[in-house]
Structures are given as C-alpha cells and as structure tokens.
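Input: a single structure, listed below in structure tokens.
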Amino acid sequence: MRFIGVISDTHGLMRPEAITALGGCDLILHAGDIGRPEVLDTLRSIAPVVAVRGNVDKGAWAEPLPEREVVRIDGRCIYLMHNLKELNLNPAAAGFAAVVSGHSHQPKIRKEGGVCYLNPGSAGPRRFKLPVSIGRLVLSDGELCGEIVELDVY
C-alpha cells in the first residue's frame with residue numbers, strides 16, 4: 001500500500017496540523033499556490049515532493065515550477081495541475097488514474113470515466129467558511145482511491 005499526500009493553496013502557511021496529517025506519506029503532491037519556498041522545504045522534510053506553480057506563485061523561486069506535471073507511481077499516472085478549469089486533455093483517454101488540482105479552496109473528490117478527480121481544498125489561511133483540509137491518494141493492489149482529510153484548526 002502506498003500513501004500519497006495531496007496539499008494545495010497553502011499561501012505561505014504551513015500548518016502543524018497539515019504536517020502531522022501528511023506524516024507517513026510516500027510522496028507529497030502540492031497543487032499550487034504554495035506562497036513561499038519554505039513551504040516546499042518543510043514538505044520535503046516529510047517525503048519527496050512534486051509541486052506545480054499556482055497563480056500566486058511569483059518570483060525567482062517559483063519560476064522553475066511547472067504549471068502541470070505527470071507523476072508516475074507503481075504503474076499509475078497522476079496529472080497534477082493548479083486550476084482544473086484549465087484542463088486541456090481527456091484524462092481517461094490519456095490513461096490517467098487521477099487528476100489532482102487546487103485553486104478553488106473547496107475540497108472535492110469524484111470519480112468520472114474511471115478517473116479520480118481530487119481537490120484537497122486549502123491547507124493555508126481559512127477562506128470564508130470553507131474547511132481547512134488536505135487530501136490523500138491511497139494506492140493498493142493497483143487501485144487508486146482518494147480521500148479528503150479535514151484539519152482540526154481554529
């Protein structure tokens with residue numbers, strides 16, 4: 001069994017609750033709006049990290065980050081991007097098991113055409129009355145399942 005932590009929209013805030021929730025992950029995906037390079041440094045202390053640039057990620061530290069990334073793990077492909085509205089391919093036809101995105105700050109998980117779509121919501125500053133959350137992808141026996149984890153923050 002493999003655990004992939006999914007985080008997005010930290011906006012420079014790396015909450016201790018998120019660090020705890022990501023503990024034990026084999027890999028962490030950050031779906032953009034990182035905010036500061038120190039966020040990635042903290043995540044790398046937990047597990048290897050793959051990150052994409054979001055619309056608030058500006059400056060020299062963010063320039064090397066791609067806008068989209070393909071992640072392969074145990075024969076499964078995951079498409080990582082920031083804003084799902086900018087998806088310009090058919091994930092099922094392209095052979096993706098999952099599409100991970102952020103941007104909306106709204107945690108959401110759905111399966112469509114055999115593809116798991118996961119938006120972990122925002123792990124950064126609370127926006128409106130939306131929950132503060134992360135996501136997880138669990139890879140077991142070739143199957144990829146997603147879940148949302150609400151963080152207990154005030």
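Each chain in the structure tokens gets a letter, A, B and so on, in the order shown; residues start at 1 in every chain, and ligands are counted from 1 in the order they appear.
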Per residue of region 4-87 of chain A within 9 Å of region 127-140 of chain A, which atom pair is closest and at what distance in Å (one decimal), using only C-alpha atoms, listed by chain and increasing number, as a Markdown table?
```
| residue | atom | partner | partner_atom | distance |
| --- | --- | --- | --- | --- |
| A:Ile4 | CA | A:Leu137 | CA | 5.0 |
| A:Gly5 | CA | A:Arg136 | CA | 4.7 |
| A:Val6 | CA | A:Gly135 | CA | 4.7 |
| A:Ile7 | CA | A:Ile134 | CA | 5.0 |
| A:Ser8 | CA | A:Ile134 | CA | 7.3 |
| A:Ala18 | CA | A:Ile134 | CA | 7.1 |
| A:Ala21 | CA | A:Ile134 | CA | 7.9 |
| A:Leu22 | CA | A:Ile134 | CA | 8.3 |
| A:Cys25 | CA | A:Arg136 | CA | 8.7 |
| A:Ile28 | CA | A:Arg136 | CA | 8.9 |
| A:Ile73 | CA | A:Leu139 | CA | 8.7 |
| A:Asp74 | CA | A:Leu139 | CA | 8.2 |
| A:Arg76 | CA | A:Leu139 | CA | 8.8 |
```
Export of prior selection with C-alpha atoms as a PDB file, in the first residue's frame:
```
ATOM      1  CA  ILE A   4       0.326   9.995  -1.465  1.00  0.00           C
ATOM      2  CA  GLY A   5      -0.307  13.213   0.437  1.00  0.00           C
ATOM      3  CA  VAL A   6      -2.084  15.948  -1.508  1.00  0.00           C
ATOM      4  CA  ILE A   7      -1.980  19.582  -0.443  1.00  0.00           C
ATOM      5  CA  SER A   8      -2.837  22.865  -2.123  1.00  0.00           C
ATOM      6  CA  ALA A  18      -1.050  19.585   7.927  1.00  0.00           C
ATOM      7  CA  ALA A  21      -1.634  14.679   8.614  1.00  0.00           C
ATOM      8  CA  LEU A  22       0.993  14.180   5.886  1.00  0.00           C
ATOM      9  CA  CYS A  25       3.248   9.539   3.117  1.00  0.00           C
ATOM     10  CA  ILE A  28       3.508  14.586  -1.433  1.00  0.00           C
ATOM     11  CA  ILE A  73       3.799   5.768  -9.194  1.00  0.00           C
ATOM     12  CA  ASP A  74       3.552   1.985  -9.271  1.00  0.00           C
ATOM     13  CA  ARG A  76      -0.339   4.576 -12.331  1.00  0.00           C
TER      14      ARG A  76
END
```
**Asked** Any idea what's packed within 8 Å of Glu17 (chain A), counting only C-alpha atoms, ignoring anything in its chain fewer than 4 positions away? Could you give it as a ChimeraX atom specification?
**Response** /A:21,151-153
Next on the checklist: At a cut-off of 10 Å, using only C-alpha atoms, what residues contact Leu43 (chain A)? Leave out same-chain residues fewer than 2 positions from it and give the result as a list of chain:residue names.
Outcome noted: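 The contact residues come out as A:Gly5, A:Ile7, A:Met14, A:Ala18, A:Ile19, A:Leu22, A:Gly23, A:Leu27, A:Ile28, A:Leu29, A:His30, A:Glu38, A:Val39, A:Leu40, A:Asp41, A:Ser45, A:Ile46, A:Ala47, A:Pro48, A:Val49, A:Val50.
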Residues flagged strand (DSSP E) by DSSP in chain A, as a ChimeraX atom specification = /A:2-7,27-30,49-51,68-73,76-81,98-100,108-112,115-119,133-140,143-150
> If you run DSSP on this backbone, which residues of region 2-119 of chain A come out as helix (DSSP H, G or I), and could you give them as a list of chain:residue names?
Replying inline: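 DSSP on the backbone gives helix (DSSP H, G or I) at A:Pro16, A:Glu17, A:Ala18, A:Ile19, A:Thr20, A:Ala21, A:Leu22, A:Pro37, A:Glu38, A:Val39, A:Leu40, A:Asp41, A:Thr42, A:Leu43, A:Arg44, A:Leu84, A:Lys85, A:Glu86.
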All heavy atoms of the current selection, written as a CSV table (one decimal), in the first residue's frame:
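This is the output file selection-v1.csv:
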```
chain,number,residue,atom,x,y,z
A,16,PRO,N,1.0,23.2,11.4
A,16,PRO,CA,1.5,22.0,12.1
A,16,PRO,C,0.5,20.8,11.9
A,16,PRO,O,0.9,19.6,11.8
A,16,PRO,CB,1.5,22.3,13.6
A,16,PRO,CG,1.5,23.8,13.6
A,16,PRO,CD,0.9,24.3,12.3
A,17,GLU,N,-0.8,21.1,11.8
A,17,GLU,CA,-1.8,20.0,11.6
A,17,GLU,C,-1.7,19.4,10.3
A,17,GLU,O,-1.9,18.2,10.1
A,17,GLU,CB,-3.2,20.6,11.8
A,17,GLU,CG,-3.5,21.2,13.1
A,17,GLU,CD,-3.1,22.6,13.3
A,17,GLU,OE1,-2.5,23.2,12.4
A,17,GLU,OE2,-3.4,23.2,14.4
A,18,ALA,N,-1.3,20.2,9.3
A,18,ALA,CA,-1.0,19.6,7.9
A,18,ALA,C,0.2,18.7,7.9
A,18,ALA,O,0.2,17.6,7.3
A,18,ALA,CB,-0.9,20.7,6.9
A,19,ILE,N,1.2,19.2,8.6
A,19,ILE,CA,2.5,18.4,8.7
A,19,ILE,C,2.2,17.0,9.4
A,19,ILE,O,2.6,16.0,8.9
A,19,ILE,CB,3.5,19.2,9.5
A,19,ILE,CG1,4.0,20.4,8.7
A,19,ILE,CG2,4.7,18.3,9.8
A,19,ILE,CD1,4.8,21.4,9.6
A,20,THR,N,1.4,17.0,10.4
A,20,THR,CA,1.0,15.8,11.1
A,20,THR,C,0.2,14.9,10.2
A,20,THR,O,0.5,13.7,10.1
A,20,THR,CB,0.2,16.1,12.4
A,20,THR,OG1,1.1,16.9,13.3
A,20,THR,CG2,-0.2,14.8,13.1
A,21,ALA,N,-0.8,15.5,9.5
A,21,ALA,CA,-1.6,14.7,8.6
A,21,ALA,C,-0.9,14.1,7.4
A,21,ALA,O,-1.3,13.0,6.9
A,21,ALA,CB,-2.8,15.5,8.1
A,22,LEU,N,0.2,14.7,7.0
A,22,LEU,CA,1.0,14.2,5.9
A,22,LEU,C,2.1,13.2,6.3
A,22,LEU,O,2.7,12.6,5.5
A,22,LEU,CB,1.6,15.3,5.1
A,22,LEU,CG,0.6,16.3,4.4
A,22,LEU,CD1,1.3,17.5,3.9
A,22,LEU,CD2,0.0,15.5,3.2
A,37,PRO,N,8.8,29.5,-0.7
A,37,PRO,CA,9.6,28.3,-0.9
A,37,PRO,C,9.8,27.5,0.4
A,37,PRO,O,10.0,26.3,0.3
A,37,PRO,CB,11.0,28.8,-1.4
A,37,PRO,CG,11.0,30.3,-1.0
A,37,PRO,CD,9.6,30.7,-1.0
A,38,GLU,N,9.7,28.1,1.5
A,38,GLU,CA,9.9,27.4,2.8
A,38,GLU,C,8.8,26.3,3.0
A,38,GLU,O,9.0,25.3,3.7
A,38,GLU,CB,9.8,28.4,4.0
A,38,GLU,CG,11.0,29.3,4.0
A,38,GLU,CD,10.9,30.5,3.1
A,38,GLU,OE1,9.8,30.8,2.5
A,38,GLU,OE2,11.9,31.3,3.0
A,39,VAL,N,7.6,26.5,2.4
A,39,VAL,CA,6.6,25.5,2.4
A,39,VAL,C,7.1,24.2,1.8
A,39,VAL,O,6.9,23.1,2.4
A,39,VAL,CB,5.3,26.0,1.7
A,39,VAL,CG1,4.3,24.9,1.5
A,39,VAL,CG2,4.7,27.1,2.5
A,40,LEU,N,7.7,24.3,0.6
A,40,LEU,CA,8.2,23.1,0.0
A,40,LEU,C,9.4,22.5,0.8
A,40,LEU,O,9.5,21.3,0.9
A,40,LEU,CB,8.7,23.5,-1.4
A,40,LEU,CG,7.6,23.9,-2.4
A,40,LEU,CD1,8.2,24.3,-3.8
A,40,LEU,CD2,6.5,22.9,-2.5
A,41,ASP,N,10.2,23.3,1.4
A,41,ASP,CA,11.3,22.8,2.3
A,41,ASP,C,10.7,22.0,3.4
A,41,ASP,O,11.2,20.9,3.7
A,41,ASP,CB,12.1,23.9,2.8
A,41,ASP,CG,12.9,24.7,1.7
A,41,ASP,OD1,13.1,24.1,0.6
A,41,ASP,OD2,13.3,25.9,2.0
A,42,THR,N,9.7,22.5,4.0
A,42,THR,CA,9.0,21.7,5.1
A,42,THR,C,8.4,20.4,4.6
A,42,THR,O,8.6,19.4,5.3
A,42,THR,CB,7.9,22.6,5.8
A,42,THR,OG1,8.5,23.8,6.3
A,42,THR,CG2,7.2,21.9,6.9
A,43,LEU,N,7.7,20.5,3.5
A,43,LEU,CA,7.1,19.3,2.9
A,43,LEU,C,8.2,18.2,2.6
A,43,LEU,O,8.0,17.0,2.8
A,43,LEU,CB,6.3,19.6,1.7
A,43,LEU,CG,5.0,20.4,2.0
A,43,LEU,CD1,4.3,20.8,0.7
A,43,LEU,CD2,4.1,19.6,2.9
A,44,ARG,N,9.3,18.7,2.1
A,44,ARG,CA,10.4,17.8,1.7
A,44,ARG,C,11.0,17.1,2.9
A,44,ARG,O,11.7,16.1,2.8
A,44,ARG,CB,11.5,18.5,0.9
A,44,ARG,CG,11.1,18.9,-0.5
A,44,ARG,CD,12.3,19.5,-1.3
A,44,ARG,NE,11.8,20.1,-2.5
A,44,ARG,CZ,11.7,21.3,-2.8
A,44,ARG,NH1,12.1,22.3,-1.9
A,44,ARG,NH2,11.2,21.7,-4.0
A,84,LEU,N,-8.3,23.3,-12.3
A,84,LEU,CA,-9.0,22.3,-13.1
A,84,LEU,C,-9.7,22.9,-14.3
A,84,LEU,O,-9.8,22.2,-15.3
A,84,LEU,CB,-10.0,21.5,-12.2
A,84,LEU,CG,-10.6,20.3,-12.9
A,84,LEU,CD1,-9.6,19.2,-13.3
A,84,LEU,CD2,-11.7,19.7,-12.0
A,85,LYS,N,-10.1,24.1,-14.3
A,85,LYS,CA,-10.8,24.7,-15.4
A,85,LYS,C,-9.8,24.9,-16.6
A,85,LYS,O,-10.3,25.1,-17.7
A,85,LYS,CB,-11.4,26.1,-15.0
A,85,LYS,CG,-12.5,26.0,-14.1
A,85,LYS,CD,-13.1,27.4,-13.7
A,85,LYS,CE,-14.3,27.2,-12.8
A,85,LYS,NZ,-14.9,28.5,-12.4
A,86,GLU,N,-8.6,24.7,-16.4
A,86,GLU,CA,-7.6,24.8,-17.5
A,86,GLU,C,-7.2,23.4,-18.0
A,86,GLU,O,-6.2,23.3,-18.8
A,86,GLU,CB,-6.3,25.6,-17.0
A,86,GLU,CG,-6.7,27.0,-16.6
A,86,GLU,CD,-5.5,27.8,-16.0
A,86,GLU,OE1,-4.4,27.2,-15.8
A,86,GLU,OE2,-5.7,29.0,-15.7
```
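CA of Gly32 (chain A) lies 7.6 Å from CA of Asn55 (chain A).
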Given the choices A:Glu150, A:Glu69, A:Asp141, A:Asp57, which gets closest to Ser122 (chain A) if the distance is worked out from only C-alpha atoms?
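Checking each candidate against Ser122 (chain A), we get A:Glu150 as the closest.
Of note, CA of Val56 (chain A) and CA of Phe96 (chain A) are spaced 26.6 Å apart.
Of note, CA of Gln106 (chain A) and CA of Asp9 (chain A) are spaced 10.2 Å apart.
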